[in-house]
>>> print(open('model09.csv').read())   # CSV, C-alpha atoms and all ligand atoms
chain,number,residue,atom,x,y,z
K,1,MET,CA,50.3,30.5,174.4
K,2,PRO,CA,49.8,28.8,171.0
K,3,SER,CA,49.5,31.3,168.1
K,4,THR,CA,46.1,32.2,166.9
K,5,VAL,CA,44.7,31.0,163.6
K,6,TYR,CA,43.4,34.2,162.1
K,7,LEU,CA,40.4,33.6,159.8
K,8,ASP,CA,39.0,37.1,159.9
K,9,HIS,CA,40.7,38.9,157.0
K,10,ALA,CA,37.4,40.5,155.8
K,11,ALA,CA,37.4,42.4,159.1
K,12,THR,CA,40.9,43.6,158.6
K,13,THR,CA,44.0,42.0,157.1
K,14,SER,CA,47.7,42.1,157.9
K,15,VAL,CA,49.6,45.2,156.7
K,16,LEU,CA,52.1,44.4,153.9
K,17,PRO,CA,55.7,44.8,155.1
K,18,GLU,CA,56.5,47.3,152.3
K,19,VAL,CA,53.6,49.4,153.5
K,20,VAL,CA,54.8,49.4,157.1
K,21,ALA,CA,58.3,50.5,155.8
K,22,ALA,CA,56.8,53.2,153.5
K,23,VAL,CA,54.5,54.6,156.2
K,24,ALA,CA,57.3,54.7,158.8
K,25,ALA,CA,59.7,56.4,156.4
K,26,THR,CA,57.1,59.0,155.3
K,27,LEU,CA,55.9,59.7,158.9
K,28,GLY,CA,59.4,60.9,159.7
K,29,GLN,CA,59.1,63.7,157.2
K,30,VAL,CA,57.5,67.0,158.2
K,31,GLY,CA,55.3,69.0,155.8
K,32,ASN,CA,51.6,69.7,155.2
K,33,ALA,CA,50.6,68.9,151.6
K,34,SER,CA,48.7,72.2,151.4
K,35,SER,CA,51.8,74.3,152.3
K,36,THR,CA,53.6,76.0,149.6
K,37,HIS,CA,57.2,75.9,151.1
K,38,GLY,CA,59.7,73.2,150.3
K,39,PRO,CA,58.6,70.6,152.9
K,40,GLY,CA,55.0,71.2,151.9
K,41,ARG,CA,55.8,70.7,148.2
K,42,GLN,CA,57.6,67.5,149.1
K,43,ALA,CA,54.5,66.2,150.9
K,44,ARG,CA,52.3,67.3,148.0
K,45,SER,CA,54.6,65.4,145.6
K,46,THR,CA,54.2,62.2,147.7
K,47,VAL,CA,50.4,62.6,147.7
K,48,GLU,CA,50.2,63.3,143.9
K,49,GLY,CA,52.6,60.5,143.2
K,50,ALA,CA,50.4,58.1,145.2
K,51,ARG,CA,47.3,59.5,143.4
K,52,GLU,CA,48.8,58.8,140.0
K,53,ASP,CA,49.9,55.3,141.0
K,54,ILE,CA,46.5,54.5,142.3
K,55,ALA,CA,44.8,55.9,139.2
K,56,ASP,CA,47.1,53.9,137.0
K,57,ALA,CA,46.6,50.7,139.0
K,58,LEU,CA,42.8,51.0,138.9
K,59,GLY,CA,42.6,52.4,135.3
K,60,VAL,CA,41.0,55.7,136.3
K,61,HIS,CA,42.0,59.4,135.9
K,62,PRO,CA,44.0,60.9,138.8
K,63,SER,CA,41.4,63.6,139.2
K,64,GLU,CA,38.9,60.9,140.0
K,65,VAL,CA,40.8,59.7,143.0
K,66,VAL,CA,39.7,61.3,146.3
K,67,PHE,CA,41.5,60.4,149.5
K,68,THR,CA,39.3,59.7,152.5
K,69,SER,CA,39.5,58.0,155.9
K,70,GLY,CA,38.1,54.7,154.7
K,71,GLY,CA,35.2,52.9,153.2
K,72,THR,CA,32.6,54.3,155.6
K,73,GLU,CA,33.5,57.9,154.8
K,74,SER,CA,33.6,57.1,151.0
K,75,ASP,CA,30.1,55.5,151.2
K,76,ASN,CA,28.8,58.6,153.1
K,77,ILE,CA,30.1,61.1,150.6
K,78,ALA,CA,28.9,59.0,147.6
K,79,VAL,CA,25.4,58.2,148.9
K,80,THR,CA,24.4,61.2,151.0
K,81,GLY,CA,26.5,63.7,149.0
K,82,THR,CA,25.1,62.6,145.7
K,83,PHE,CA,21.5,62.5,147.0
K,84,LEU,CA,21.8,66.1,148.3
K,85,ALA,CA,23.5,67.4,145.1
K,86,ARG,CA,21.1,65.8,142.7
K,87,ARG,CA,18.0,66.9,144.7
K,88,ALA,CA,19.3,70.4,144.9
K,89,ALA,CA,19.6,70.5,141.1
K,90,ASP,CA,16.2,68.9,140.6
K,91,PRO,CA,13.8,68.8,143.6
K,92,ARG,CA,11.9,65.8,142.1
K,93,LYS,CA,14.9,63.6,142.8
K,94,THR,CA,14.0,62.3,146.2
K,95,ARG,CA,14.4,58.5,145.8
K,96,VAL,CA,17.3,56.2,146.6
K,97,VAL,CA,17.5,52.7,145.1
K,98,THR,CA,19.6,50.2,147.0
K,99,THR,CA,19.6,46.7,148.4
K,100,PRO,CA,19.0,45.2,151.8
K,101,VAL,CA,22.3,43.4,151.8
K,102,GLU,CA,24.5,46.6,151.8
K,103,HIS,CA,27.0,47.3,154.6
K,104,HIS,CA,25.7,49.5,157.4
K,105,ALA,CA,27.9,52.3,156.0
K,106,VAL,CA,25.3,52.5,153.3
K,107,LEU,CA,22.2,51.3,155.0
K,108,ASP,CA,22.4,53.7,158.0
K,109,GLN,CA,22.8,56.6,155.7
K,110,VAL,CA,19.7,55.6,153.7
K,111,ASP,CA,17.8,55.4,157.0
K,112,HIS,CA,19.2,58.9,157.8
K,113,LEU,CA,18.1,60.3,154.4
K,114,VAL,CA,14.6,58.9,155.0
K,115,ALA,CA,14.3,60.3,158.5
K,116,GLU,CA,16.0,63.7,158.0
K,117,GLN,CA,15.7,64.5,154.4
K,118,GLY,CA,12.3,63.0,153.4
K,119,ALA,CA,13.9,60.5,151.0
K,120,ALA,CA,12.0,57.5,149.7
K,121,VAL,CA,13.7,54.2,149.2
K,122,THR,CA,13.1,51.4,146.8
K,123,TRP,CA,14.8,48.2,147.9
K,124,VAL,CA,16.1,45.8,145.3
K,125,GLU,CA,15.6,42.3,146.7
K,126,PRO,CA,18.4,39.8,146.2
K,127,ASP,CA,17.9,36.1,145.3
K,128,GLU,CA,18.7,33.5,147.9
K,129,THR,CA,22.4,33.7,147.2
K,130,GLY,CA,22.5,37.5,147.5
K,131,VAL,CA,22.6,38.2,143.8
K,132,ILE,CA,21.0,41.4,142.5
K,133,THR,CA,19.9,40.8,139.0
K,134,PRO,CA,19.9,43.6,136.3
K,135,GLU,CA,16.2,43.0,135.8
K,136,ALA,CA,15.4,43.5,139.5
K,137,LEU,CA,17.4,46.8,139.5
K,138,GLN,CA,15.7,47.9,136.4
K,139,ASP,CA,12.2,47.2,137.9
K,140,ALA,CA,13.2,49.1,141.1
K,141,LEU,CA,14.4,52.2,139.0
K,142,ALA,CA,11.1,52.1,137.1
K,143,GLN,CA,9.0,52.4,140.2
K,144,GLY,CA,7.7,55.7,141.6
K,145,SER,CA,7.6,58.2,138.8
K,146,GLY,CA,10.1,56.2,136.8
K,147,PRO,CA,13.9,56.7,137.0
K,148,ASP,CA,13.4,60.6,136.8
K,149,ASP,CA,12.8,60.7,140.6
K,150,VAL,CA,15.9,58.7,141.5
K,151,ALA,CA,18.8,60.7,143.0
K,152,VAL,CA,21.3,57.8,143.4
K,153,ALA,CA,21.5,54.0,143.3
K,154,SER,CA,23.9,52.0,145.5
K,155,VAL,CA,24.7,48.3,145.0
K,156,MET,CA,27.8,46.8,146.7
K,157,TRP,CA,30.4,45.0,144.4
K,158,ALA,CA,30.9,42.2,146.9
K,159,ASN,CA,29.1,41.3,150.1
K,160,ASN,CA,31.2,41.4,153.2
K,161,GLU,CA,29.3,38.7,155.0
K,162,ILE,CA,28.5,36.0,152.5
K,163,GLY,CA,30.9,36.9,149.7
K,164,THR,CA,28.4,37.3,146.8
K,165,VAL,CA,29.9,39.2,143.9
K,166,GLN,CA,27.6,41.3,141.8
K,167,ASP,CA,27.8,41.8,138.1
K,168,VAL,CA,28.5,45.5,138.5
K,169,PRO,CA,29.2,46.2,134.8
K,170,ARG,CA,25.7,45.0,133.9
K,171,LEU,CA,24.1,46.9,136.8
K,172,ALA,CA,26.0,50.0,135.7
K,173,GLU,CA,24.6,49.7,132.2
K,174,VAL,CA,21.1,49.5,133.6
K,175,CYS,CA,21.7,52.7,135.7
K,176,ARG,CA,23.4,54.4,132.8
K,177,ALA,CA,20.4,53.8,130.5
K,178,ALA,CA,18.1,55.2,133.2
K,179,GLY,CA,20.3,58.3,133.7
K,180,VAL,CA,20.9,57.4,137.4
K,181,PRO,CA,24.4,57.6,139.0
K,182,LEU,CA,25.5,54.2,140.4
K,183,HIS,CA,27.6,54.1,143.6
K,184,THR,CA,29.2,50.8,144.5
K,185,ASP,CA,30.9,49.8,147.7
K,186,ALA,CA,33.9,47.8,146.4
K,187,VAL,CA,35.7,47.6,149.8
K,188,GLN,CA,35.7,43.8,149.9
K,189,ALA,CA,36.1,43.3,146.1
K,190,LEU,CA,39.5,45.0,145.7
K,191,SER,CA,42.3,42.3,145.6
K,192,GLN,CA,39.8,39.5,145.1
K,193,VAL,CA,38.0,40.1,141.9
K,194,GLU,CA,38.7,42.2,138.7
K,195,LEU,CA,37.3,45.8,138.9
K,196,PRO,CA,36.9,47.0,135.4
K,197,LEU,CA,36.8,50.8,136.1
K,198,SER,CA,38.5,52.3,133.1
K,199,GLY,CA,36.2,55.0,131.7
K,200,LEU,CA,34.7,55.6,135.1
K,201,GLY,CA,31.2,57.1,134.8
K,202,THR,CA,30.7,56.0,131.2
K,203,GLY,CA,29.3,52.8,129.6
K,204,ALA,CA,29.4,49.7,131.9
K,205,THR,CA,31.3,51.4,134.8
K,206,PRO,CA,29.9,52.8,138.0
K,207,ASP,CA,30.0,56.5,138.7
K,208,LEU,CA,31.2,56.3,142.3
K,209,VAL,CA,33.3,53.6,144.1
K,210,ALA,CA,34.2,53.2,147.7
K,211,LEU,CA,37.5,51.5,148.6
K,212,THR,CA,39.6,51.1,151.8
K,213,GLY,CA,43.2,50.3,152.6
K,214,HIS,CA,42.9,48.0,155.5
K,215,LYS,CA,41.2,45.2,153.7
K,216,VAL,CA,44.1,44.9,151.2
K,217,GLY,CA,47.2,45.3,153.4
K,218,GLY,CA,47.2,49.1,153.6
K,219,PRO,CA,47.0,51.2,156.8
K,220,VAL,CA,43.6,51.5,158.6
K,221,GLY,CA,42.1,54.9,158.4
K,222,ASN,CA,43.0,55.4,154.7
K,223,GLY,CA,40.5,55.0,151.9
K,224,LEU,CA,39.4,56.2,148.5
K,225,LEU,CA,36.4,57.5,146.8
K,226,LEU,CA,36.6,57.2,143.1
K,227,ALA,CA,34.2,59.9,141.7
K,228,ALA,CA,33.8,60.2,137.9
K,229,ARG,CA,34.5,63.6,136.7
K,230,GLY,CA,30.8,64.6,136.2
K,231,GLN,CA,30.0,63.7,139.8
K,232,SER,CA,30.0,66.5,142.4
K,233,PRO,CA,28.5,65.1,145.6
K,234,VAL,CA,27.9,67.6,148.4
K,235,PRO,CA,30.8,67.1,150.9
K,236,VAL,CA,29.9,65.5,154.2
K,237,LEU,CA,32.6,67.4,156.1
K,238,ARG,CA,33.2,71.2,155.8
K,239,GLY,CA,36.5,72.8,156.1
K,240,GLY,CA,39.5,73.5,153.8
K,241,GLY,CA,39.0,72.8,150.1
K,242,GLN,CA,41.2,69.7,149.8
K,243,GLU,CA,40.3,66.8,147.5
K,244,ARG,CA,38.2,68.8,144.9
K,245,GLY,CA,36.4,70.2,148.0
K,246,LEU,CA,34.8,66.8,148.4
K,247,ARG,CA,36.9,65.8,151.5
K,248,PRO,CA,38.4,68.7,153.4
K,249,GLY,CA,41.1,68.0,156.0
K,250,THR,CA,44.9,67.8,156.2
K,251,LEU,CA,46.0,64.9,154.1
K,252,ASP,CA,47.6,61.9,155.8
K,253,VAL,CA,50.7,61.8,153.6
K,254,ALA,CA,52.3,58.7,155.2
K,255,GLY,CA,49.0,56.7,155.1
K,256,ILE,CA,48.4,57.7,151.5
K,257,ALA,CA,51.9,56.6,150.6
K,258,GLY,CA,51.2,53.2,152.2
K,259,LEU,CA,47.7,53.0,150.6
K,260,ALA,CA,49.2,53.5,147.1
K,261,LEU,CA,51.5,50.5,147.6
K,262,ALA,CA,48.7,48.3,148.9
K,263,VAL,CA,46.4,49.2,146.0
K,264,ARG,CA,49.1,48.5,143.5
K,265,HIS,CA,49.8,45.2,145.2
K,266,ALA,CA,46.1,44.3,145.3
K,267,VAL,CA,45.9,44.7,141.5
K,268,THR,CA,49.1,43.1,140.4
K,269,ASP,CA,48.8,40.1,142.7
K,270,LEU,CA,45.1,39.6,142.1
K,271,ALA,CA,45.2,36.5,139.9
K,272,ARG,CA,47.7,34.6,142.1
K,273,HIS,CA,46.1,35.7,145.4
K,274,ALA,CA,42.5,34.8,144.2
K,275,ALA,CA,43.6,31.4,143.1
K,276,ARG,CA,45.5,30.7,146.3
K,277,VAL,CA,42.8,31.8,148.8
K,278,GLY,CA,40.1,30.3,146.6
K,279,ALA,CA,41.7,26.9,147.0
K,280,LEU,CA,41.9,27.4,150.7
K,281,ARG,CA,38.2,28.5,150.8
K,282,ASP,CA,37.2,25.3,148.9
K,283,ARG,CA,39.3,23.2,151.2
K,284,LEU,CA,37.6,24.8,154.2
K,285,LEU,CA,34.0,24.5,153.0
K,286,ALA,CA,34.4,21.0,151.7
K,287,GLY,CA,36.1,19.9,154.9
K,288,ALA,CA,33.3,21.6,157.0
K,289,LEU,CA,30.6,19.8,155.0
K,290,ARG,CA,32.4,16.5,155.4
K,291,THR,CA,32.5,17.1,159.2
K,292,ASP,CA,28.8,17.9,159.3
K,293,PRO,CA,26.6,17.6,156.2
K,294,SER,CA,23.8,19.5,157.9
K,295,LEU,CA,25.9,22.8,157.7
K,296,ARG,CA,24.7,25.2,155.0
K,297,VAL,CA,27.0,27.3,152.9
K,298,SER,CA,25.6,30.9,152.5
K,299,GLY,CA,25.9,32.7,149.2
K,300,PRO,CA,26.8,31.2,145.9
K,301,TRP,CA,29.5,28.5,146.0
K,302,ARG,CA,30.9,26.3,143.2
K,303,PRO,CA,34.3,24.8,144.0
K,304,GLY,CA,36.9,26.4,141.8
K,305,ASP,CA,34.7,29.5,141.1
K,306,LEU,CA,36.7,32.7,141.7
K,307,THR,CA,34.3,35.3,140.3
K,308,GLY,CA,30.7,34.6,141.7
K,309,ARG,CA,31.9,34.4,145.3
K,310,LEU,CA,34.8,36.2,146.9
K,311,PRO,CA,37.7,33.7,146.8
K,312,GLY,CA,38.6,34.5,150.4
K,313,ASN,CA,35.1,34.1,151.8
K,314,ALA,CA,33.6,31.1,153.5
K,315,HIS,CA,30.3,31.5,155.4
K,316,LEU,CA,28.3,28.8,157.1
K,317,GLN,CA,25.0,28.4,158.8
K,318,VAL,CA,25.1,26.0,161.7
K,319,PRO,CA,21.7,24.4,162.6
K,320,GLY,CA,21.0,24.2,166.3
K,321,ALA,CA,23.8,26.5,167.4
K,322,ASP,CA,24.3,30.3,168.2
K,323,SER,CA,27.0,32.4,166.6
K,324,ASP,CA,28.0,33.7,170.0
K,325,SER,CA,28.8,30.3,171.4
K,326,LEU,CA,30.5,29.2,168.2
K,327,LEU,CA,32.8,32.3,168.2
K,328,TYR,CA,33.5,31.9,171.9
K,329,LEU,CA,34.4,28.2,171.6
K,330,LEU,CA,36.5,28.8,168.4
K,331,ASP,CA,38.3,31.7,170.1
K,332,ALA,CA,39.1,29.5,173.1
K,333,ALA,CA,40.4,26.9,170.7
K,334,GLY,CA,42.7,29.5,169.1
K,335,VAL,CA,40.7,30.3,166.0
K,336,ALA,CA,39.7,34.0,165.4
K,337,CYS,CA,36.7,34.4,163.1
K,338,SER,CA,33.4,36.3,163.1
K,339,ALA,CA,29.7,35.9,162.6
K,340,GLY,CA,29.4,38.5,159.9
K,341,SER,CA,30.4,42.1,159.8
K,342,ALA,CA,33.0,43.1,162.4
K,343,CYS,CA,31.1,46.4,162.8
K,344,THR,CA,28.1,44.6,164.2
K,345,ALA,CA,30.1,42.0,166.2
K,346,GLY,CA,28.6,41.7,169.7
K,347,VAL,CA,25.1,42.4,168.3
K,348,THR,CA,23.1,39.2,168.8
K,349,ARG,CA,20.4,40.0,166.1
K,350,PRO,CA,20.6,37.7,163.2
K,351,SER,CA,22.4,39.2,160.2
K,352,HIS,CA,20.3,41.5,158.0
K,353,VAL,CA,22.1,40.0,155.0
K,354,LEU,CA,21.0,36.4,155.7
K,355,LEU,CA,17.5,37.5,156.5
K,356,ALA,CA,17.3,39.4,153.2
K,357,CYS,CA,18.4,36.2,151.4
K,358,GLY,CA,15.4,34.4,153.0
K,359,VAL,CA,17.5,32.4,155.5
K,360,PRO,CA,15.2,31.3,158.3
K,361,GLU,CA,15.9,33.2,161.5
K,362,ASP,CA,16.8,30.1,163.4
K,363,LEU,CA,19.5,29.2,160.9
K,364,ALA,CA,20.7,32.8,160.7
K,365,ARG,CA,21.4,32.7,164.4
K,366,GLY,CA,24.2,30.2,163.8
K,367,ALA,CA,26.2,32.2,161.3
K,368,LEU,CA,29.9,31.7,161.0
K,369,ARG,CA,32.2,33.8,158.7
K,370,LEU,CA,35.7,32.5,158.0
K,371,THR,CA,37.7,34.7,155.7
K,372,LEU,CA,41.2,34.1,154.2
K,373,GLY,CA,43.9,36.4,153.3
K,374,ARG,CA,47.6,36.8,152.3
K,375,THR,CA,48.9,35.1,155.4
K,376,SER,CA,46.4,32.2,155.5
K,377,THR,CA,47.7,28.7,155.0
K,378,GLU,CA,46.4,25.1,154.6
K,379,ALA,CA,47.6,24.6,158.1
K,380,ASP,CA,45.2,27.4,159.3
K,381,VAL,CA,42.3,25.7,157.5
K,382,ASP,CA,43.2,22.3,158.9
K,383,ALA,CA,43.5,23.7,162.4
K,384,PHE,CA,40.0,25.1,162.1
K,385,LEU,CA,38.7,21.8,160.8
K,386,ALA,CA,40.4,19.9,163.6
K,387,VAL,CA,38.5,21.8,166.3
K,388,LEU,CA,35.2,22.1,164.4
K,389,PRO,CA,33.6,18.8,165.6
K,390,GLN,CA,34.0,19.6,169.3
K,391,VAL,CA,33.0,23.2,168.8
K,392,LEU,CA,29.8,22.2,167.0
K,393,ASP,CA,29.0,19.7,169.7
K,394,ARG,CA,29.5,22.1,172.6
K,395,ALA,CA,27.7,25.0,170.9
K,396,ARG,CA,24.7,22.8,170.2
K,397,ARG,CA,24.6,21.6,173.7
K,398,ALA,CA,24.7,25.2,174.9
K,399,ARG,CA,21.7,26.1,172.7
K,400,ALA,CA,19.8,23.0,173.8
K,401,ALA,CA,20.4,23.8,177.5
K,402,SER,CA,19.3,27.5,177.1
G,1,LIG,C1,31.6,46.2,152.5
G,1,LIG,C2,32.1,47.2,153.4
G,1,LIG,N1,31.9,48.5,153.3
G,1,LIG,C3,32.4,49.4,154.1
G,1,LIG,C4,33.2,49.0,155.2
G,1,LIG,C5,33.8,50.1,156.1
G,1,LIG,O1,35.1,50.4,155.7
G,1,LIG,P1,36.1,51.1,156.8
G,1,LIG,O2,36.3,50.2,157.9
G,1,LIG,O3,37.3,51.4,156.0
G,1,LIG,O4,35.4,52.4,157.2
G,1,LIG,C6,33.5,47.7,155.4
G,1,LIG,C7,34.4,47.3,156.5
G,1,LIG,O5,34.1,46.3,157.1
G,1,LIG,C8,33.0,46.7,154.5
G,1,LIG,O6,33.2,45.4,154.6
>>> encode(input="model09.csv", output="structure tokens")
Amino acid sequence: MPSTVYLDHAATTSVLPEVVAAVAATLGQVGNASSTHGPGRQARSTVEGAREDIADALGVHPSEVVFTSGGTESDNIAVTGTFLARRAADPRKTRVVTTPVEHHAVLDQVDHLVAEQGAAVTWVEPDETGVITPEALQDALAQGSGPDDVAVASVMWANNEIGTVQDVPRLAEVCRAAGVPLHTDAVQALSQVELPLSGLGTGATPDLVALTGHKVGGPVGNGLLLAARGQSPVPVLRGGGQERGLRPGTLDVAGIAGLALAVRHAVTDLARHAARVGALRDRLLAGALRTDPSLRVSGPWRPGDLTGRLPGNAHLQVPGADSDSLLYLLDAAGVACSAGSACTAGVTRPSHVLLACGVPEDLARGALRLTLGRTSTEADVDAFLAVLPQVLDRARRARAAS
């Protein structure tokens, strides 16, 4: 069987060889990081070494690093936990300010807060490329009874479907001036764009940040919540008092050791990696548009730009075709990619992100996301471009016949 061309690195990416080795070596050692005997202290030392490494790589304080099971859990603690904590301290704070382009790890919690906690939401609408402007955020905060009733704001750093990168430092300044904590889901941003986090919770930095290992060559099931020292969200889980009481549960020492290596690699390799996958992205998008000028690129795209759009993200709208057929035909031709978020794969509704950006439903039905990573090559891009004409033709014929 010919090998698959993997163009779905935003769903999950290959684990770094040094991470595999570190996890395997650490898994072989017994010891609970909460135990006080020798093996326990050894495990604790691995965890605290990893915490210090991660803090150093990201420019934050070790006490601001909370180990979680991934981006979803970090988003949950940040959004729900901060909402509950701030409302408990001041019952007027019942509003959440967020955007309709967030990942479901944020959106579904907001729905839950509305349904179960009586929260109100103000949606900050993006422009047609998915950008949230500081002015739009400021207007949203000022609605209701002004920013005083806002418990938490949440704006993702980079969009997982269309790759739009937000100017989080400016958005953080807006929230800071309004006295509202800003959470940002930076799951897709780490390893692809600079994350200026030094001085977390002050000035132009967010207050809470969600990150995950499996998008940057770390083990799946290991993530981080960065929580500035003033932030005390109510924990989502209850149990032992691990991780400042924010995230109880026995620590995954081996996973954490691997996560630390992946985070360090993401930061030190950022410039080289972004330039390399950015060039592949531009090759892919330019080649696709040459193949069929009626294709539309979602999100902001300027060839050579590595900061306004994730360098590893290409996203197309295919007129006259359905994502399901495109994905099926590409898979059959040996190309693995997705329509949008892997979490909603198999769901035939058009993407909420595209609809929020004003993409007509008919075009949104033909979404195709191709994401590049550490192992991607020019040959991968060219293999995709080689099969694209026949895939477009057959997918359109399938739509026309339905
Ligand atoms: C933007 C974004 N947030 C959150 C998540 C969820 O992260 P995890 O899979 O680690 O729970 C993802 C994963 O696809 C994502 O892309």
>>> closest_residue(input="model09.csv", among="K:Gln317, K:Thr164, K:Gln231, K:Thr122", to="ligand LIG 1 (chain G)", atoms="only C-alpha atoms and all ligand atoms")
K:Thr164
>>> closest_residue(input="model09.csv", among="K:Ala257, K:Val216, K:Val106, K:Ala57", to="Leu27 of chain K", atoms="all atoms listed in the file")
K:Ala257
>>> closest_atom_pairs(input="model09.csv", of="chain K", to="ligand LIG 1 (chain G)", cutoff="10 Å", atoms="all atoms listed in the file", output="tab-separated table")
residue	atom	partner	partner_atom	distance
K:His9	CA	G:LIG1	O5	9.9
K:Ala10	CA	G:LIG1	O6	6.6
K:Ala11	CA	G:LIG1	O5	5.5
K:Thr12	CA	G:LIG1	O5	7.5
K:Thr68	CA	G:LIG1	O3	9.2
K:Ser69	CA	G:LIG1	O3	7.0
K:Gly70	CA	G:LIG1	O3	3.6
K:Gly71	CA	G:LIG1	O1	3.5
K:Thr72	CA	G:LIG1	O4	3.7
K:Glu73	CA	G:LIG1	O4	6.3
K:Ser74	CA	G:LIG1	O4	8.0
K:Asp75	CA	G:LIG1	C3	7.1
K:Asn76	CA	G:LIG1	C3	9.9
K:Val101	CA	G:LIG1	C1	9.7
K:Glu102	CA	G:LIG1	C1	7.1
K:His103	CA	G:LIG1	C1	5.2
K:His104	CA	G:LIG1	C3	7.5
K:Ala105	CA	G:LIG1	C3	5.7
K:Val106	CA	G:LIG1	N1	7.7
K:Met156	CA	G:LIG1	C1	7.0
K:Trp157	CA	G:LIG1	C1	8.3
K:Ala158	CA	G:LIG1	C1	6.9
K:Asn159	CA	G:LIG1	C1	6.0
K:Asn160	CA	G:LIG1	O6	4.7
K:Glu161	CA	G:LIG1	O6	7.8
K:Gly163	CA	G:LIG1	C1	9.7
K:Thr184	CA	G:LIG1	N1	9.5
K:Asp185	CA	G:LIG1	N1	5.8
K:Ala186	CA	G:LIG1	C1	6.7
K:Val187	CA	G:LIG1	C1	5.1
K:Gln188	CA	G:LIG1	C1	5.4
K:Ala189	CA	G:LIG1	C1	8.3
K:Ala210	CA	G:LIG1	C3	7.7
K:Leu211	CA	G:LIG1	O3	7.4
K:Thr212	CA	G:LIG1	O3	4.8
K:Gly213	CA	G:LIG1	O3	6.9
K:His214	CA	G:LIG1	O3	6.6
K:Lys215	CA	G:LIG1	C7	7.6
K:Pro219	CA	G:LIG1	O3	9.7
K:Val220	CA	G:LIG1	O3	6.8
K:Gly221	CA	G:LIG1	O3	6.4
K:Asn222	CA	G:LIG1	O3	7.1
K:Gly223	CA	G:LIG1	O3	6.3
K:Leu224	CA	G:LIG1	O3	9.1
K:Gly340	CA	G:LIG1	O6	9.5
K:Ser341	CA	G:LIG1	O5	6.2
K:Ala342	CA	G:LIG1	O5	6.3
K:Cys343	CA	G:LIG1	O5	6.4
K:Thr344	CA	G:LIG1	O5	9.4
>>> closest_residue(input="model09.csv", among="K:Asp167, K:Leu200, K:Arg290, K:Gly366", to="Thr307 of chain K", atoms="all atoms listed in the file")
K:Asp167
>>> residues_near_point(input="model09.csv", point="(43.2, 23.8, 153.5)", cutoff="9 Å", atoms="only C-alpha atoms", output="mmCIF file with C-alpha atoms, in the frame of the given file")
data_model
loop_
_atom_site.group_PDB
_atom_site.id
_atom_site.type_symbol
_atom_site.label_atom_id
_atom_site.label_comp_id
_atom_site.auth_asym_id
_atom_site.auth_seq_id
_atom_site.Cartn_x
_atom_site.Cartn_y
_atom_site.Cartn_z
ATOM 1 C CA ALA K 279 41.700 26.900 147.000
ATOM 2 C CA LEU K 280 41.900 27.400 150.700
ATOM 3 C CA ARG K 281 38.200 28.500 150.800
ATOM 4 C CA ASP K 282 37.200 25.300 148.900
ATOM 5 C CA ARG K 283 39.300 23.200 151.200
ATOM 6 C CA LEU K 284 37.600 24.800 154.200
ATOM 7 C CA GLY K 287 36.100 19.900 154.900
ATOM 8 C CA THR K 377 47.700 28.700 155.000
ATOM 9 C CA GLU K 378 46.400 25.100 154.600
ATOM 10 C CA ALA K 379 47.600 24.600 158.100
ATOM 11 C CA ASP K 380 45.200 27.400 159.300
ATOM 12 C CA VAL K 381 42.300 25.700 157.500
ATOM 13 C CA ASP K 382 43.200 22.300 158.900
ATOM 14 C CA ALA K 383 43.500 23.700 162.400
ATOM 15 C CA LEU K 385 38.700 21.800 160.800
#
>>> residues_near_point(input="model09.csv", point="(46.3, 46.0, 138.2)", cutoff="9 Å", atoms="only C-alpha atoms", output="ChimeraX atom specification")
/K:56-59,194,263-270
